[in-house]
Structure formats: C-alpha cells, structure tokens
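Visitor: Got a structure for you, my_file07.txt, holding compact mmCIF, C-alpha atoms.
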# COMPACT_ATOMS: atom_id res chain seq x y z
CA MET A 1 -31.80 -9.66 14.08
CA PHE A 2 -30.24 -9.66 10.69
CA GLY A 3 -26.88 -11.32 11.15
CA ILE A 4 -24.05 -9.88 9.11
CA VAL A 5 -20.57 -11.16 8.75
CA LEU A 6 -18.00 -8.75 7.47
CA TRP A 7 -15.05 -10.83 6.55
CA THR A 8 -11.72 -10.25 5.07
CA PHE A 9 -9.87 -12.35 2.56
CA SER A 10 -6.38 -12.00 1.22
CA ALA A 11 -7.43 -9.91 -1.63
CA TRP A 12 -4.82 -8.25 -3.67
CA SER A 13 -1.32 -8.16 -4.75
CA CYS A 14 -0.01 -4.85 -3.62
CA ASP A 15 3.38 -5.60 -2.26
CA VAL A 16 4.31 -2.02 -1.72
CA CYS A 17 2.59 -2.75 1.55
CA GLY A 18 5.12 -5.36 2.50
CA GLY A 19 3.33 -8.52 1.52
CA VAL A 20 0.60 -9.72 -0.67
CA SER A 21 -2.26 -9.46 1.63
CA GLY A 22 -3.60 -5.98 2.01
CA ASN A 23 -6.82 -7.42 3.29
CA ALA A 24 -9.97 -6.13 1.75
CA SER A 25 -13.31 -6.42 3.44
CA ILE A 26 -16.10 -8.08 1.61
CA GLY A 27 -19.57 -7.67 3.01
CA LEU A 28 -20.99 -11.13 3.43
CA LEU A 29 -24.12 -12.09 5.21
CA ALA A 30 -24.22 -14.85 7.72
CA SER A 31 -27.73 -15.25 6.48
CA THR A 32 -27.71 -17.92 3.83
CA GLN A 33 -30.75 -16.58 2.03
CA PHE A 34 -29.02 -14.59 -0.65
CA HIS A 35 -26.66 -14.59 -3.56
CA THR A 36 -24.84 -11.28 -3.96
CA ILE A 37 -23.20 -9.35 -6.74
CA GLY A 38 -21.56 -5.99 -6.38
CA ILE A 39 -18.73 -3.60 -6.91
CA LYS A 40 -16.08 -2.34 -4.59
CA SER A 41 -13.61 0.51 -4.83
CA SER A 42 -10.70 1.09 -2.50
CA LEU A 43 -7.75 3.38 -1.96
CA ASN A 44 -4.59 2.50 -0.06
CA THR A 45 -1.64 4.76 0.63
CA TYR A 46 1.95 4.06 1.65
CA ARG A 47 5.16 5.94 2.34
CA SER A 48 8.72 4.70 2.01
CA TYR A 49 11.63 6.04 4.04
CA LEU A 50 15.39 6.17 3.87
CA ASN A 51 17.06 7.03 7.17
CA GLY A 52 13.74 8.41 8.35
CA ILE A 53 13.28 10.70 5.34
CA VAL A 54 10.38 10.08 2.93
CA HIS A 55 11.63 9.19 -0.55
CA SER A 56 8.42 7.93 -2.15
CA ARG A 57 4.68 7.84 -1.76
CA GLU A 58 2.48 5.12 -3.18
CA TYR A 59 -1.20 5.27 -4.02
CA ILE A 60 -3.05 2.09 -4.93
CA ALA A 61 -6.64 2.34 -6.16
CA GLN A 62 -8.73 -0.68 -6.99
CA GLY A 63 -12.10 -1.38 -8.50
CA GLU A 64 -13.49 -4.87 -8.10
CA VAL A 65 -16.43 -6.90 -9.22
CA ILE A 66 -17.46 -9.16 -6.36
CA ALA A 67 -20.00 -11.94 -6.27
CA ARG A 68 -21.17 -14.63 -3.92
CA TRP A 69 -23.16 -17.66 -4.82
CA GLN A 70 -25.03 -19.63 -2.19
CA PRO A 71 -25.66 -23.04 -3.79
CA HIS A 72 -26.57 -24.64 -0.49
CA ALA A 73 -27.31 -23.52 3.05
CA ARG A 74 -23.88 -24.78 4.10
CA TRP A 75 -21.83 -23.81 1.06
CA GLN A 76 -20.88 -20.38 -0.20
CA ILE A 77 -18.69 -19.55 -3.17
CA SER A 78 -17.36 -16.03 -3.54
CA ALA A 79 -15.18 -14.57 -6.23
CA ASN A 80 -13.79 -11.23 -7.24
CA ILE A 81 -11.83 -9.71 -10.09
CA PRO A 82 -9.93 -6.50 -9.36
CA TYR A 83 -8.62 -3.78 -11.64
CA GLN A 84 -5.78 -1.83 -10.10
CA VAL A 85 -4.24 1.57 -10.68
CA GLY A 86 -0.97 2.17 -8.86
CA ARG A 87 1.15 5.30 -8.69
CA GLN A 88 4.50 5.76 -7.05
CA LYS A 89 5.72 9.33 -6.61
CA ARG A 90 9.43 9.49 -5.86
CA ASP A 91 11.70 12.43 -5.16
CA LEU A 92 13.11 12.30 -8.69
CA GLY A 93 10.36 10.70 -10.73
CA SER A 94 7.18 8.70 -10.74
CA ASP A 95 5.71 5.48 -12.08
CA PHE A 96 2.17 4.58 -13.01
CA ILE A 97 1.04 0.99 -13.49
CA GLN A 98 -2.48 -0.22 -14.11
CA GLY A 99 -4.15 -3.42 -15.17
CA LEU A 100 -6.19 -6.41 -14.14
CA GLY A 101 -5.31 -7.91 -10.81
CA ASP A 102 -5.37 -11.56 -9.83
CA PRO A 103 -8.84 -13.10 -9.69
CA ARG A 104 -9.75 -14.94 -6.50
CA ILE A 105 -12.25 -17.54 -5.49
CA LEU A 106 -13.20 -18.67 -2.01
CA VAL A 107 -15.23 -21.75 -1.17
CA ASN A 108 -16.73 -21.46 2.28
CA HIS A 109 -18.31 -24.25 4.27
CA VAL A 110 -20.63 -23.33 7.10
CA LEU A 111 -19.78 -25.65 9.97
CA VAL A 112 -22.16 -24.24 12.56
CA HIS A 113 -25.22 -22.08 12.07
CA HIS A 114 -27.43 -21.86 15.12
CA LYS A 115 -30.59 -19.82 14.87
CA ASP A 116 -33.15 -18.77 17.43
CA SER A 117 -36.91 -19.20 17.18
CA ASN A 118 -37.10 -16.04 15.05
CA GLN A 119 -34.62 -17.53 12.59
CA ALA A 120 -32.02 -14.95 13.63
CA THR A 121 -28.40 -16.14 13.65
CA ARG A 122 -26.96 -16.91 17.10
CA ASN A 123 -23.70 -18.67 16.26
CA PHE A 124 -22.02 -18.96 12.90
CA LEU A 125 -18.79 -20.81 12.21
CA SER A 126 -17.33 -21.32 8.77
CA LEU A 127 -14.15 -22.61 7.21
CA GLY A 128 -13.09 -21.38 3.79
CA LEU A 129 -10.43 -22.28 1.26
CA GLY A 130 -9.34 -19.64 -1.20
CA ILE A 131 -7.21 -19.52 -4.32
CA LYS A 132 -5.69 -16.50 -6.03
CA ALA A 133 -4.64 -17.18 -9.60
CA PRO A 134 -1.68 -15.26 -11.14
CA TRP A 135 -3.58 -14.16 -14.21
CA GLY A 136 -3.35 -10.40 -13.72
CA ARG A 137 -0.72 -8.02 -15.03
CA ARG A 138 2.59 -8.95 -13.49
CA ALA A 139 5.98 -7.28 -13.29
CA PRO A 140 8.82 -8.32 -15.59
CA ALA A 141 11.51 -10.31 -13.78
CA SER A 142 13.92 -7.35 -13.84
CA SER A 143 11.40 -4.81 -12.56
CA MET A 144 12.41 -2.58 -9.67
CA ILE A 145 8.79 -1.63 -8.99
CA ARG A 146 7.41 -5.13 -8.54
CA ASN A 147 5.23 -3.86 -5.71
CA LEU A 148 3.30 -1.56 -7.97
CA TYR A 149 1.97 -4.24 -10.31
CA PRO A 150 -1.56 -5.60 -9.91
CA SER A 151 -0.44 -9.24 -9.94
CA THR A 152 2.20 -11.01 -7.88
CA GLY A 153 2.63 -13.58 -10.62
CA ALA A 154 2.16 -16.41 -8.14
CA TRP A 155 -0.58 -18.63 -6.81
CA ASN A 156 -1.86 -18.01 -3.28
CA PHE A 157 -3.83 -20.44 -1.14
CA SER A 158 -5.78 -19.19 1.85
CA THR A 159 -7.59 -20.71 4.77
CA VAL A 160 -10.24 -18.59 6.41
CA LEU A 161 -11.82 -19.46 9.74
CA LEU A 162 -14.66 -17.25 10.81
CA PHE A 163 -16.79 -17.25 13.94
CA THR A 164 -19.54 -14.90 14.89
CA ASN A 165 -21.88 -15.08 17.83
CA ARG A 166 -24.70 -12.86 18.98
CA LEU A 167 -24.10 -11.16 22.30
CA THR A 168 -27.36 -9.24 22.58
CA GLU A 169 -30.29 -8.54 20.32
CA HIS A 170 -28.37 -5.80 18.55
CA VAL A 171 -24.73 -6.73 19.07
CA SER A 172 -22.64 -9.61 17.79
CA LEU A 173 -18.96 -10.41 17.98
CA GLN A 174 -17.03 -11.58 14.96
CA GLN A 175 -13.59 -13.19 14.92
CA GLU A 176 -11.66 -14.17 11.86
CA GLY A 177 -8.32 -15.84 11.25
CA ILE A 178 -6.63 -16.13 7.87
CA TYR A 179 -3.51 -17.97 6.81
CA THR A 180 -2.20 -17.49 3.27
CA TYR A 181 0.45 -19.69 1.69
CA LYS A 182 2.19 -18.12 -1.29
CA MET A 183 3.90 -19.85 -4.17
CA ARG A 184 6.90 -18.47 -6.06
CA ASP A 185 6.55 -16.67 -9.38
CA ALA A 186 8.22 -17.66 -12.66
CA SER A 187 11.43 -15.81 -11.75
CA GLY A 188 11.73 -17.61 -8.39
CA TYR A 189 10.59 -14.69 -6.27
CA ARG A 190 8.24 -15.62 -3.45
CA TYR A 191 6.45 -13.33 -1.04
CA GLY A 192 6.30 -14.56 2.54
CA ASN A 193 3.21 -16.22 3.93
CA THR A 194 0.77 -14.06 5.84
CA TYR A 195 -1.32 -14.51 8.95
CA SER A 196 -4.06 -12.25 10.17
CA TYR A 197 -6.54 -12.12 13.01
CA ALA A 198 -9.42 -9.68 13.25
CA VAL A 199 -12.07 -9.08 15.86
CA THR A 200 -15.09 -6.91 15.21
CA VAL A 201 -18.10 -5.91 17.27
CA VAL A 202 -21.09 -5.55 14.99
CA TRP A 203 -23.97 -3.39 16.16
CA ASN A 204 -27.17 -3.30 14.16
CA LYS A 205 -30.32 -1.25 14.35
CA SER A 206 -33.36 -0.63 12.25
CA LEU A 207 -33.08 2.82 10.69
CA GLY A 208 -35.49 4.45 8.24
CA ILE A 209 -36.33 2.12 5.40
CA GLY A 210 -33.49 -0.26 6.18
CA ARG A 211 -31.03 -1.52 8.73
CA LEU A 212 -27.77 0.07 9.84
CA LEU A 213 -24.80 -2.09 10.79
CA VAL A 214 -21.71 -0.59 12.36
CA GLY A 215 -18.63 -2.67 13.07
CA PRO A 216 -15.62 -1.25 14.90
CA GLY A 217 -12.74 -3.64 15.34
CA LEU A 218 -9.06 -4.44 15.53
CA GLN A 219 -6.85 -6.41 13.18
CA LEU A 220 -3.34 -7.81 13.31
CA GLU A 221 -1.50 -8.89 10.16
CA ARG A 222 1.87 -10.60 10.05
CA PHE A 223 3.93 -10.83 6.84
CA GLY A 224 6.72 -13.32 6.32
CA ALA A 225 10.00 -12.49 4.59
CA SER A 226 10.27 -12.74 0.81
CA THR A 227 12.70 -15.21 -0.75
CA GLU A 228 14.36 -15.55 -4.13
CA ASP A 229 15.13 -19.07 -5.37
CA GLY A 230 14.54 -20.23 -1.82
CA LEU A 231 17.09 -17.86 -0.30
CA PRO A 232 16.19 -14.86 1.87
CA VAL A 233 16.02 -11.60 -0.06
CA SER A 234 18.74 -9.25 1.13
CA GLY A 235 17.73 -5.72 2.05
CA TYR A 236 14.02 -5.03 1.79
CA ASN A 237 12.31 -8.38 2.25
CA ASN A 238 8.78 -7.17 3.03
CA GLN A 239 8.78 -8.77 6.45
CA GLY A 240 6.76 -7.15 9.19
CA PHE A 241 3.45 -6.63 10.89
CA VAL A 242 0.67 -4.10 11.12
CA PHE A 243 -1.82 -3.64 13.96
CA GLU A 244 -4.84 -1.70 12.81
CA SER A 245 -8.15 -0.30 13.95
CA GLN A 246 -11.02 -0.47 11.56
CA VAL A 247 -14.65 0.51 11.30
CA SER A 248 -17.28 -0.66 8.87
CA VAL A 249 -20.57 1.10 8.30
CA ASN A 250 -23.19 -0.76 6.28
CA TYR A 251 -26.73 0.06 5.37
CA LEU A 252 -29.15 -2.52 4.05
CA SER A 253 -32.19 -1.23 2.25
CA TYR A 254 -34.50 -3.33 0.13
CA ASN A 255 -32.03 -5.58 -1.67
CA TRP A 256 -29.09 -3.20 -1.64
CA LEU A 257 -26.21 -3.30 0.80
CA TRP A 258 -24.03 -0.18 1.00
CA GLY A 259 -20.74 -0.41 2.83
CA LEU A 260 -17.90 1.84 3.91
CA ASN A 261 -14.76 0.47 5.54
CA VAL A 262 -11.93 2.55 6.99
CA ILE A 263 -8.71 1.02 8.33
CA GLN A 264 -6.16 3.04 10.26
CA PRO A 265 -2.81 1.50 11.26
CA LEU A 266 -2.02 1.92 14.95
CA GLN A 267 1.37 0.26 15.01
CA GLN A 268 3.45 -1.24 12.24
CA ASN A 269 6.90 -2.31 11.23
CA PHE A 270 7.64 -3.27 7.62
CA ASN A 271 11.08 -3.60 6.14
CA LYS A 272 12.61 -2.47 9.43
CA GLY A 273 10.50 0.67 9.44
CA SER A 274 11.36 1.76 5.90
CA MET A 275 7.75 1.48 4.73
CA LYS A 276 4.57 2.69 6.38
CA GLN A 277 1.03 1.93 5.45
CA GLY A 278 -1.43 4.81 5.60
CA ILE A 279 -5.17 4.92 5.94
CA ARG A 280 -7.19 2.53 3.77
CA VAL A 281 -10.69 3.30 2.62
CA SER A 282 -13.10 1.17 0.65
CA CYS A 283 -16.71 1.44 -0.48
CA THR A 284 -18.91 -1.46 -1.48
CA LEU A 285 -22.29 -1.71 -3.11
CA SER A 286 -23.89 -5.14 -3.34
CA TYR A 287 -27.18 -6.34 -4.69
CA LEU A 288 -28.79 -9.20 -2.79
CA ILE A 289 -30.58 -11.79 -4.84
CA THR A 290 -33.05 -13.81 -2.84
CA LYS A 291 -32.64 -17.55 -3.33
CA ASN A 292 -35.50 -19.35 -4.96
CA ASN A 293 -34.47 -22.69 -3.54
CA LYS A 294 -34.48 -22.67 0.28
CA LYS A 295 -32.21 -25.67 0.65
CA MET B 1 -3.16 62.85 9.01
CA LYS B 2 -2.28 61.75 5.47
CA ALA B 3 1.42 62.11 6.25
CA THR B 4 1.03 59.90 9.31
CA ILE B 5 -0.64 57.19 7.21
CA TYR B 6 2.17 57.43 4.64
CA ILE B 7 4.81 57.10 7.37
CA ILE B 8 3.08 54.09 8.96
CA THR B 9 2.58 52.41 5.57
CA PHE B 10 6.21 53.09 4.61
CA THR B 11 7.49 51.75 7.94
CA LEU B 12 5.37 48.59 7.69
CA GLY B 13 6.54 48.15 4.10
CA ILE B 14 10.18 48.40 5.13
CA LEU B 15 9.59 45.92 7.96
CA PHE B 16 7.84 43.49 5.59
CA VAL B 17 10.57 43.70 2.94
CA GLY B 18 13.21 43.46 5.62
CA THR B 19 11.65 40.29 6.97
CA SER B 20 11.20 38.75 3.52
CA CYS B 21 14.78 39.34 2.49
CA GLU B 22 16.33 38.53 5.83
CA LYS B 23 19.68 36.90 5.31
CA HIS B 24 20.48 33.76 7.21
CA SER B 25 22.77 34.67 10.06
CA GLU B 26 24.54 31.33 9.60
CA PRO B 27 25.22 29.95 6.14
CA ILE B 28 23.16 26.86 5.41
CA THR B 29 25.13 23.66 5.22
CA ALA B 30 24.12 20.20 4.08
CA THR B 31 25.29 16.69 4.83
CA LEU B 32 25.27 14.54 1.70
CA THR B 33 25.23 10.76 1.99
CA LEU B 34 25.49 8.35 -0.92
CA LEU B 35 24.55 4.94 0.44
CA GLU B 36 24.72 3.25 -2.96
CA PRO B 37 26.76 2.90 -5.09
CA GLN B 38 30.06 2.80 -3.27
CA ALA B 39 33.33 3.91 -4.84
CA GLY B 40 34.88 1.13 -6.90
CA ASP B 41 31.69 -0.91 -7.22
CA THR B 42 31.16 -2.89 -10.41
CA VAL B 43 27.76 -3.19 -12.03
CA MET B 44 27.53 -6.06 -14.50
CA ALA B 45 25.71 -5.77 -17.83
CA GLY B 46 21.96 -6.02 -17.47
CA GLU B 47 22.10 -5.52 -13.72
CA ALA B 48 20.39 -2.65 -11.94
CA LEU B 49 22.35 0.01 -10.13
CA HIS B 50 20.65 1.24 -6.97
CA MET B 51 21.15 4.93 -6.31
CA HIS B 52 20.21 5.58 -2.70
CA GLY B 53 21.11 8.57 -0.61
CA THR B 54 20.05 11.37 1.66
CA VAL B 55 20.63 15.08 2.08
CA VAL B 56 20.17 16.74 5.47
CA GLY B 57 20.43 20.53 5.74
CA SER B 58 21.07 22.78 8.69
CA GLY B 59 18.16 24.86 7.35
CA GLU B 60 15.96 25.07 4.30
CA LEU B 61 17.60 23.75 1.13
CA HIS B 62 16.67 24.86 -2.36
CA GLY B 63 16.60 21.59 -4.27
CA TYR B 64 19.08 19.08 -5.60
CA SER B 65 20.01 17.11 -8.68
CA LEU B 66 21.38 13.64 -9.29
CA THR B 67 23.36 12.93 -12.45
CA LEU B 68 24.91 9.69 -13.68
CA THR B 69 27.57 10.17 -16.35
CA ASN B 70 29.47 7.68 -18.44
CA LEU B 71 32.98 9.12 -18.20
CA THR B 72 34.21 6.90 -21.03
CA THR B 73 31.71 8.27 -23.56
CA ASN B 74 31.00 11.52 -21.69
CA GLN B 75 27.27 10.84 -21.94
CA VAL B 76 24.72 11.55 -19.22
CA VAL B 77 22.76 8.31 -18.81
CA PHE B 78 20.49 9.34 -15.94
CA SER B 79 19.48 12.66 -14.42
CA GLY B 80 16.83 13.93 -12.10
CA ASN B 81 16.20 16.99 -10.00
CA ASN B 82 13.92 18.15 -7.24
CA ALA B 83 13.32 21.89 -6.91
CA THR B 84 11.18 21.83 -3.77
CA HIS B 85 12.38 23.64 -0.66
CA GLN B 86 12.93 21.19 2.17
CA THR B 87 15.32 20.66 5.03
CA SER B 88 16.04 17.08 3.97
CA TYR B 89 15.74 14.83 0.94
CA ALA B 90 16.01 11.12 0.25
CA PHE B 91 16.20 9.44 -3.15
CA ASP B 92 15.88 5.87 -4.31
CA GLU B 93 16.40 5.45 -8.05
CA HIS B 94 17.54 2.66 -10.34
CA TRP B 95 19.48 2.47 -13.56
CA VAL B 96 20.11 -0.67 -15.62
CA ASN B 97 23.56 -1.13 -17.13
CA MET B 98 22.99 -1.31 -20.91
CA GLU B 99 26.18 0.53 -21.87
CA GLY B 100 27.49 -2.11 -24.27
CA ALA B 101 31.12 -1.66 -23.23
CA THR B 102 32.97 -1.50 -19.95
CA SER B 103 32.87 2.12 -18.81
CA ASN B 104 33.90 4.32 -15.94
CA MET B 105 30.83 5.91 -14.37
CA LYS B 106 30.32 8.87 -12.07
CA LEU B 107 27.28 9.63 -9.93
CA SER B 108 27.05 13.26 -8.81
CA LEU B 109 24.75 14.71 -6.18
CA VAL B 110 24.50 18.51 -6.25
CA VAL B 111 22.53 20.39 -3.59
CA ASN B 112 21.44 24.03 -3.96
CA LEU B 113 22.10 25.89 -0.71
CA ASP B 114 20.59 29.15 -1.95
CA HIS B 115 19.34 30.81 -5.12
CA GLU B 116 22.63 32.61 -5.74
CA GLY B 117 24.28 29.50 -7.08
CA THR B 118 25.92 28.22 -3.90
CA THR B 119 26.01 24.46 -4.07
CA THR B 120 27.62 21.54 -2.37
CA THR B 121 28.49 18.33 -4.21
CA LYS B 122 29.26 14.73 -3.55
CA SER B 123 30.18 12.20 -6.20
CA VAL B 124 31.24 8.60 -6.47
CA GLU B 125 32.93 6.67 -9.29
CA PHE B 126 32.36 3.06 -10.18
CA VAL B 127 32.53 0.71 -13.18
CA ALA B 128 29.80 -0.46 -15.53
CA ALA B 129 31.22 -3.77 -16.77
CA GLN B 130 30.43 -6.10 -19.64
Go ahead and express the file in the form of structure tokens.

Guide:
Amino acid sequence: MFGIVLWTFSAWSCDVCGGVSGNASIGLLASTQFHTIGIKSSLNTYRSYLNGIVHSREYIAQGEVIARWQPHARWQISANIPYQVGRQKRDLGSDFIQGLGDPRILVNHVLVHHKDSNQATRNFLSLGLGIKAPWGRRAPASSMIRNLYPSTGAWNFSTVLLFTNRLTEHVSLQQEGIYTYKMRDASGYRYGNTYSYAVTVVWNKSLGIGRLLVGPGLQLERFGASTEDGLPVSGYNNQGFVFESQVSVNYLSYNWLWGLNVIQPLQQNFNKGSMKQGIRVSCTLSYLITKNNKK
Amino acid sequence: MKATIYIITFTLGILFVGTSCEKHSEPITATLTLLEPQAGDTVMAGEALHMHGTVVGSGELHGYSLTLTNLTTNQVVFSGNNATHQTSYAFDEHWVNMEGATSNMKLSLVVNLDHEGTTTTKSVEFVAAQ
C-alpha cells in the first residue's frame, strides 16, 4: 500500500472568510522517500448579508508554489508562496486586489512511523510547527476591505498534529488537529486564533498506470474574535465556526501526483450569520523527486 | 382556414401583450432602512462613514440609488446605483471624511418603484467635522 497523508495547514490570509485560516490541502506523502515540488490553484467564494439580504459576494483565487524537502526520514520541511487575486462585488461597486500572499514554512517531525513487512505504512504520527511571515501585500491601516488583501500583515504560528493508521489493505484513516496563534499587525489589529480538526478516510487502489487515492472526510474549524489594540472589535469581529465535508481525489502516476480537493460547508456561523463561506475547490500538481540518500 | 389562423394568432398575440403589460393590481411599496449613519451623527476628519441599509419591496423593485451630498458646499461626494430588478436590496459602502471643513451632510436613498418615475426616498443628515 502506498500511504498518503493529505494534510491541511493554515494557509492563507483571506479574512473575508472570518479568520485567517481558510485551510488549504497540501498533498503530502506519509512515505518519506520523496521530496516534492508543485503548484496549486484554488478558488474560494463567500457571501455577506445584511438582515438576511446579500450585499456582497467575494471571490478569492490563489496560485501557489509548494515544495517539501525530506532531509531525513523523520524530518520534513514544507513551504509555499501564494499569489492571490481577490474580488468583492457589492451592490453599488466592486473592489479588486491582487498580490503576493504570506509565505509559509512548516517543519514536521515524524514521531511514529510503523511499517509492515512490505514497507507499507501502518501508523504515522507527526508533529509540525509552522510559521507564516507577513511579507505579502497587506491592507493599509485605514482600509475597509482588509479581508480582501493577500496578507494579514501579522505573523502566525501553527502547531499541526497528524495521525494516520491503516485500517485495511486499501483503506486508512487520517486525523489532523491544527492550532494557530496569530500576532497583531502594525496597526494593532489581530485576528483571533483558530482551531481545526479534520478526519478523512483514504481509499487507494491501483488504476491503469498509477494509483488512485480518494479521501472523503469532515472538518471543523473554529475562529476566535478579532481584537484591536487588545480590545474586542465591535460589530463584525470574524468570530465563528464552519463544519464542512470534503473530498480529495488524487492520482499518482510515475512521479506525478495530481490532486483535486472540494470542500462544501455543511453548517457555519461567522459574524453572527452575516457571512457565509461557499464551496472551495483546489487543484494540485506535484512532482515527486526520489531521494538519493535513504537515511 | 387562413382567417381562422389569423384569428388564433391575433388572439394569442393579444393575450401575450396583455400578460406582458399587466398592471400590478396593488401598487408596489418598499420599506427603506438606513442602519448607518443615524441622524445627528458626527464623523471626524479622516474617519470612515459606514453606509449600511436595506430595501424590502412588496414586489419587484426597479433599482435604487444612494447619494451622499455635502449640503454646505452642495457637492455630491459619493453616489452609486443598482439598476437590477429585485424584491430586496442591501448595501454596505464606506466614505472617508476628507472634506477639509466642518460640513452638514445628507445621505439619500431613492428606490424606483416602477419605470414611470415613481420613487420612494429616505434620507438622513449628519455632520462631517474637522
């Protein structure tokens, strides 16, 4: 069995969505035999309401360069740099903001990696620490469309705990918990911390010249309230939660990994119901580089 | 036979036109709500004014416009309009006070109830201060 771990990491700065963590899936292999480099494109949609009537629609598209380096069997370093295009269409106007997003790096330590006699992964447990640097295009302090900018202007620190275990020859179960602590930006604005938990059943099967991996799952994200100079933001404070279903379809052929991820909110409550997240779709293409050193 | 076809075509045509031009039995009304600003508010220099509100019609409405006027200089400093036909609207706009002198301001919301010029209006006055 080729063990795959599809994990999420607090990835981008869209705060239209009520926090800084619209999680983005990154295809990572529990196998420690590869470095990876790839590209990812995604589209997220949102709607904002006033007394139950839609007053704006937001569309956030991102292109990212993603890479993972496997310096050692127990250490993985992944990084990505996004470029974001955001559009807000209001009843009486529109705004369009694009630019580089905040780069991120995640250092992951594999705590447990049990394999069977065929060298297939049975249990995999890792703990990761991530940093998001505020080097992307950020909103001016007076901006009323802060959510549309690619950067939050603040440092984020994430902890990622991931566990996957094989249930049968073709099925494994993956669980992932993420906590993200967010610093304040230069103007004193601070998005609330986020927590998320995701569970995914990953089914894999040999198909044609490669291997197909399908992962349906559920995810819960919780967003803390934003503050300004340490005081709660009045009105819209981006506090809330979203409970989502998701499915990932991946195909591995030769050294290429193709991925499609679709996330559909099932239940949500942001800003007391004044903002709703729509469907999120992302596509990933990664090239797997076989390690020379089998440490 | 030809006459029958003419009569049927004419009758269907009359029915179609009649349906298209059907007058509303009840005049359309709209409820206008300006959540922000409130009458008498003061917006300091450099601060943003939030213009939030809703329009809810008893039937299909024919668009609306929002206009912010400096009554002291008689200048329009913000305007926007939406010509789409909907039964309700909501707006959320911002304007930053860069007027340079304390001024009396007026925000007007005008809703088109039909295409014959029937409108309903709501407005609020406040102060842009220095």

Visitor: Give me, as JSON, numbers by chain, the residues of chain A touching chain B, with the criterion being at most 10 Å (counting all atoms listed in the file).

Guide: {"A": [48, 49, 50, 51, 52, 53, 54, 55, 56, 90, 91, 92, 93, 142, 143, 144, 145]}

Visitor: Please measure the separation of CA of Gly101 in chain A and CA of Asp185 in chain A, giving the value in Å to one decimal.

Guide: 14.8 Å

Visitor: List as a list in words the protein and nucleic acid residues near Thr290 in chain A, meaning an atom at most 7 Å away when all atoms listed in the file are counted, but skip any in the same chain fewer than 5 places from it.

Guide: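 Listing them by chain and then by number gives Gln33, Phe34 and His35 of chain A.
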
Visitor: By how many Å are CA of Leu49 in chain B and CA of Tyr191 in chain A apart?

Guide: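 We find that CA of Leu49 in chain B and CA of Tyr191 in chain A lie 22.7 Å from each other.
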
Visitor: Interatomic distance between CA of Ala128 in chain B and CA of Thr42 in chain B?

Guide: 5.8 Å

Visitor: Give me the residues within 10 Å of Thr200 in chain A as a PDB file with C-alpha atoms, in the coordinates of the input, counting only C-alpha atoms and dropping any in the same chain fewer than 5 places off.

Guide:
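Dumped to part_27.pdb:
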ATOM      1  CA  VAL A   5     -20.570 -11.160   8.750  1.00  0.00           C
ATOM      2  CA  LEU A   6     -18.000  -8.750   7.470  1.00  0.00           C
ATOM      3  CA  TRP A   7     -15.050 -10.830   6.550  1.00  0.00           C
ATOM      4  CA  THR A 164     -19.540 -14.900  14.890  1.00  0.00           C
ATOM      5  CA  SER A 172     -22.640  -9.610  17.790  1.00  0.00           C
ATOM      6  CA  LEU A 173     -18.960 -10.410  17.980  1.00  0.00           C
ATOM      7  CA  GLN A 174     -17.030 -11.580  14.960  1.00  0.00           C
ATOM      8  CA  GLN A 175     -13.590 -13.190  14.920  1.00  0.00           C
ATOM      9  CA  GLU A 176     -11.660 -14.170  11.860  1.00  0.00           C
ATOM     10  CA  VAL A 214     -21.710  -0.590  12.360  1.00  0.00           C
ATOM     11  CA  GLY A 215     -18.630  -2.670  13.070  1.00  0.00           C
ATOM     12  CA  PRO A 216     -15.620  -1.250  14.900  1.00  0.00           C
ATOM     13  CA  GLY A 217     -12.740  -3.640  15.340  1.00  0.00           C
ATOM     14  CA  LEU A 218      -9.060  -4.440  15.530  1.00  0.00           C
ATOM     15  CA  GLN A 219      -6.850  -6.410  13.180  1.00  0.00           C
ATOM     16  CA  SER A 245      -8.150  -0.300  13.950  1.00  0.00           C
ATOM     17  CA  GLN A 246     -11.020  -0.470  11.560  1.00  0.00           C
ATOM     18  CA  VAL A 247     -14.650   0.510  11.300  1.00  0.00           C
ATOM     19  CA  SER A 248     -17.280  -0.660   8.870  1.00  0.00           C
TER      20      SER A 248
END

Visitor: Got a sec to check which residues sit within 7 Å of (15.5, -22.3, -6.5), counting only C-alpha atoms, and write them as a PDB file with C-alpha atoms, keeping the file's coordinate frame?

Guide:
ATOM      1  CA  GLY A 188      11.730 -17.610  -8.390  1.00  0.00           C
ATOM      2  CA  ASP A 229      15.130 -19.070  -5.370  1.00  0.00           C
ATOM      3  CA  GLY A 230      14.540 -20.230  -1.820  1.00  0.00           C
TER       4      GLY A 230
END

Visitor: In terms of the shortest atom-to-atom distance over all atoms listed in the file, which of A:Tyr59, A:Phe270, A:Tyr254, A:Tyr83 is closest to Leu288 in chain A?

Guide: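 Of the candidates, the smallest distance to Leu288 in chain A is held by A:Tyr254.
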
Visitor: Which residues are near Thr87 in chain B? Cut-off 12 Å, all atoms listed in the file, ignore same chain within fewer than 6 positions. Put them as JSON, numbers by chain.

Guide: {"A": [53, 54], "B": [28, 29, 30, 31, 54, 55, 56, 57, 58, 59, 60, 61, 62, 63, 64, 111, 112, 113]}

Visitor: So, with all atoms listed in the file as the atoms that count, which of B:Thr33, B:Thr73, B:Thr67, B:Ser103 lies closest to Phe126 in chain B?

Guide: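 Closest residue, counting all atoms listed in the file: B:Ser103.
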
Visitor: List the neighbours of Ile209 in chain A out to 12 Å using all atoms listed in the file; skip same-chain residues closer than 5 positions along the sequence, and give me the result as a list of chain:residue names.

Guide: A:Tyr251, A:Leu252, A:Ser253, A:Tyr254, A:Asn255, A:Trp256

Visitor: Near range 123-138 of chain A, within 7 Å and counting all atoms listed in the file, which residues show up once chain neighbours fewer than 5 positions away are dropped, as a PyMOL selection string?

Guide: chain A and resi 30+99-114+149-166

Visitor: May I ask which of the residues A:Ser234, A:Lys276, A:Asn261, A:Ala79 is the closest one to Ser41 in chain A, counting all atoms listed in the file?

Guide: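 So, comparing all the options, the nearest one is A:Asn261.
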
Visitor: With distances taken over only C-alpha atoms, which of A:Asn193, A:Gln264, A:Thr36, A:Ser282 is nearest to Gln239 in chain A?

Guide: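 Of A:Asn193, A:Gln264, A:Thr36, A:Ser282, the one nearest Gln239 in chain A is A:Asn193, counting only C-alpha atoms.
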
Visitor: How big is the axis-aligned box around all listed atoms of range 104-113 of chain B once 3 Å goes on each side, and where's its centre, in Å to one decimal, as AutoDock Vina command-line options?

Guide:
--center_x 27.7 --center_y 15.1 --center_z -8.3 --size_x 18.5 --size_y 27.6 --size_z 21.2
